[in-house]
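A short worksheet on the structure shown next.
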Amino acid sequence: QVQLVESGGGLVQSGGSLRLSCLASRSIFMIIPMGWYRQAPGKQRELVADIGRGGTTSYPDSVKGRFIISRDKTKNTVYLDMVTLKPEDTAVYYCNTYPPDNSDWGQGTQVTVSS
C-alpha cells in the first residue's frame with residue numbers, strides 16, 4: 001500500500017525555485033516527525049529537511065536558508081519549498097518519516113537544476 005506520494009519535481013535553471021509536495025494516505029503523517037530526503041546519482045540518500053511534532057524544523061547547512069519544510073494537515077500534505085536552486089541540488093527527492101521507515105519510501109520526484 002502506497003502511503004507517501006511525492007510530486008512537483010522538474011527541470012529548473014540555477015537560481016530557480018520549486019515546490020515539492022508529499023501526499024500522505026493517512027493523517028498520522030501530519031502529526032509525527034517527517035523529513036524530506038534526496039539521493040543524487042552515485043551518492044547516499046541524505047536528509048535535507050525535517051519537521052517535528054510541534055512544527056519545529058531543521059536543515060543541514062547545505063540547504064539552510066534556501067529550503068523550507070511545512071505541512072498542511074487539512075490536505076494531508078508535506079511540502080518542501082526550494083529557492084535559489086543550485087546544480088548540486090539535482091537529485092531524486094523523497095519524503096518519509098523522521099527517522100525514515102524503510103517500508104514508506106515512495107517513488108520520489110526528480111529535481112534537475114541546470115547551470
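We name chains A, B, ... following the order of the C-alpha cells; residues begin at 1 in each chain, and ligands are numbered from 1 as shown.
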Just the helix (DSSP H, G or I) stuff from chain A, please, per backbone DSSP, written as an MDAnalysis selection string. chainID A and resid 27:30 87:89 102:104
Those selected residues, please, written with N, CA, C and O atoms and delivered as a PDB file, in the first residue's frame.
```
ATOM      1  N   SER A  27      -3.625  10.372   7.994  1.00  0.00           N
ATOM      2  CA  SER A  27      -3.454  11.639   8.699  1.00  0.00           C
ATOM      3  C   SER A  27      -2.366  11.573   9.762  1.00  0.00           C
ATOM      4  O   SER A  27      -1.848  12.600  10.186  1.00  0.00           O
ATOM      5  N   ILE A  28      -1.992  10.361  10.173  1.00  0.00           N
ATOM      6  CA  ILE A  28      -0.964  10.255  11.208  1.00  0.00           C
ATOM      7  C   ILE A  28       0.337  10.884  10.758  1.00  0.00           C
ATOM      8  O   ILE A  28       1.118  11.404  11.558  1.00  0.00           O
ATOM      9  N   PHE A  29       0.573  10.903   9.437  1.00  0.00           N
ATOM     10  CA  PHE A  29       1.805  11.502   8.926  1.00  0.00           C
ATOM     11  C   PHE A  29       1.836  13.013   9.156  1.00  0.00           C
ATOM     12  O   PHE A  29       2.869  13.650   8.978  1.00  0.00           O
ATOM     13  N   MET A  30       0.715  13.588   9.515  1.00  0.00           N
ATOM     14  CA  MET A  30       0.671  15.023   9.755  1.00  0.00           C
ATOM     15  C   MET A  30       1.016  15.371  11.203  1.00  0.00           C
ATOM     16  O   MET A  30       1.135  16.558  11.543  1.00  0.00           O
ATOM     17  N   PRO A  87      22.946  23.572  -9.122  1.00  0.00           N
ATOM     18  CA  PRO A  87      23.118  22.283  -9.816  1.00  0.00           C
ATOM     19  C   PRO A  87      23.349  21.129  -8.852  1.00  0.00           C
ATOM     20  O   PRO A  87      22.907  20.003  -9.124  1.00  0.00           O
ATOM     21  N   GLU A  88      24.004  21.382  -7.727  1.00  0.00           N
ATOM     22  CA  GLU A  88      24.254  20.311  -6.754  1.00  0.00           C
ATOM     23  C   GLU A  88      22.999  19.885  -6.006  1.00  0.00           C
ATOM     24  O   GLU A  88      23.043  18.918  -5.239  1.00  0.00           O
ATOM     25  N   ASP A  89      21.886  20.557  -6.217  1.00  0.00           N
ATOM     26  CA  ASP A  89      20.618  20.122  -5.642  1.00  0.00           C
ATOM     27  C   ASP A  89      19.945  19.063  -6.510  1.00  0.00           C
ATOM     28  O   ASP A  89      18.911  18.507  -6.119  1.00  0.00           O
ATOM     29  N   ASN A 102      11.789   2.242   6.378  1.00  0.00           N
ATOM     30  CA  ASN A 102      12.124   1.680   5.065  1.00  0.00           C
ATOM     31  C   ASN A 102      10.909   1.201   4.279  1.00  0.00           C
ATOM     32  O   ASN A 102      10.965   1.088   3.058  1.00  0.00           O
ATOM     33  N   SER A 103       9.833   0.926   4.958  1.00  0.00           N
ATOM     34  CA  SER A 103       8.643   0.471   4.244  1.00  0.00           C
ATOM     35  C   SER A 103       7.852   1.618   3.637  1.00  0.00           C
ATOM     36  O   SER A 103       6.889   1.399   2.901  1.00  0.00           O
ATOM     37  N   ASP A 104       8.247   2.857   3.922  1.00  0.00           N
ATOM     38  CA  ASP A 104       7.483   4.019   3.453  1.00  0.00           C
ATOM     39  C   ASP A 104       8.148   4.780   2.322  1.00  0.00           C
ATOM     40  O   ASP A 104       7.658   5.825   1.919  1.00  0.00           O
TER      41      ASP A 104
END
```
As a PyMOL selection string, please: every residue in region 6-107 of chain A that a backbone DSSP assignment puts in strand (DSSP E or B). chain A and resi 6-7+10-13+18-24+34-39+46-51+57-58+67-72+77-82+91-97
I need the residues from that last selection saved to file as a PDB file, in the first residue's frame (with C-alpha atoms), if you can.
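Dumped everything to result-v1.pdb:
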```
ATOM      1  CA  GLU A   6       5.879  12.799  -3.970  1.00  0.00           C
ATOM      2  CA  SER A   7       5.322  15.275  -6.802  1.00  0.00           C
ATOM      3  CA  GLY A  10      11.117  19.106 -12.700  1.00  0.00           C
ATOM      4  CA  LEU A  11      13.843  20.844 -14.656  1.00  0.00           C
ATOM      5  CA  VAL A  12      14.768  24.311 -13.472  1.00  0.00           C
ATOM      6  CA  GLN A  13      17.610  26.712 -14.126  1.00  0.00           C
ATOM      7  CA  LEU A  18      10.324  24.591  -6.955  1.00  0.00           C
ATOM      8  CA  ARG A  19       7.700  23.382  -4.516  1.00  0.00           C
ATOM      9  CA  LEU A  20       7.605  19.675  -3.814  1.00  0.00           C
ATOM     10  CA  SER A  21       4.530  18.007  -2.360  1.00  0.00           C
ATOM     11  CA  CYS A  22       4.160  14.762  -0.435  1.00  0.00           C
ATOM     12  CA  LEU A  23       0.601  13.475  -0.245  1.00  0.00           C
ATOM     13  CA  ALA A  24       0.088  11.130   2.680  1.00  0.00           C
ATOM     14  CA  MET A  34       8.562  13.907   8.866  1.00  0.00           C
ATOM     15  CA  GLY A  35      11.502  14.557   6.591  1.00  0.00           C
ATOM     16  CA  TRP A  36      12.480  15.275   3.042  1.00  0.00           C
ATOM     17  CA  TYR A  37      15.428  13.328   1.713  1.00  0.00           C
ATOM     18  CA  ARG A  38      17.326  13.295  -1.548  1.00  0.00           C
ATOM     19  CA  GLN A  39      19.604  10.953  -3.420  1.00  0.00           C
ATOM     20  CA  GLU A  46      20.601  12.321   2.696  1.00  0.00           C
ATOM     21  CA  LEU A  47      18.195  14.271   4.862  1.00  0.00           C
ATOM     22  CA  VAL A  48      17.544  17.836   3.656  1.00  0.00           C
ATOM     23  CA  ALA A  49      14.761  18.926   5.999  1.00  0.00           C
ATOM     24  CA  ASP A  50      12.719  17.653   8.917  1.00  0.00           C
ATOM     25  CA  ILE A  51       9.694  18.862  10.830  1.00  0.00           C
ATOM     26  CA  THR A  57      12.188  22.431  11.626  1.00  0.00           C
ATOM     27  CA  SER A  58      15.851  21.781  10.950  1.00  0.00           C
ATOM     28  CA  PHE A  67      14.691  25.148   1.681  1.00  0.00           C
ATOM     29  CA  ILE A  68      11.596  25.278   3.874  1.00  0.00           C
ATOM     30  CA  ILE A  69       9.587  22.277   5.030  1.00  0.00           C
ATOM     31  CA  SER A  70       5.967  22.652   6.069  1.00  0.00           C
ATOM     32  CA  ARG A  71       2.768  20.644   6.259  1.00  0.00           C
ATOM     33  CA  ASP A  72      -0.905  21.244   5.752  1.00  0.00           C
ATOM     34  CA  THR A  77       0.447  17.063   2.556  1.00  0.00           C
ATOM     35  CA  VAL A  78       4.035  17.855   3.473  1.00  0.00           C
ATOM     36  CA  TYR A  79       5.759  20.483   1.349  1.00  0.00           C
ATOM     37  CA  LEU A  80       9.333  21.396   0.537  1.00  0.00           C
ATOM     38  CA  ASP A  81       9.792  24.885  -0.841  1.00  0.00           C
ATOM     39  CA  MET A  82      13.142  25.313  -2.533  1.00  0.00           C
ATOM     40  CA  ALA A  91      18.618  14.522  -7.125  1.00  0.00           C
ATOM     41  CA  VAL A  92      15.546  12.386  -6.578  1.00  0.00           C
ATOM     42  CA  TYR A  93      13.645  13.780  -3.616  1.00  0.00           C
ATOM     43  CA  TYR A  94      11.652  11.618  -1.214  1.00  0.00           C
ATOM     44  CA  CYS A  95       9.549  12.210   1.843  1.00  0.00           C
ATOM     45  CA  ASN A  96       9.360   9.797   4.735  1.00  0.00           C
ATOM     46  CA  THR A  97       9.037   9.757   8.476  1.00  0.00           C
TER      47      THR A  97
END
```
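Distance-wise, CA of Gln3 (chain A) and CA of Lys43 (chain A) end up 25.0 Å apart.
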Rounded to one decimal, what separation in Å do you get between CA of Thr56 (chain A) and CA of Ile32 (chain A)? 11.6 Å
Here is a test: counting only C-alpha atoms, which residue of A:Leu4, A:Ser62, A:Gly9, A:Arg45 is nearest to Thr109 (chain A)?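 Once distances to Thr109 (chain A) are computed over only C-alpha atoms, the minimum belongs to A:Gly9.
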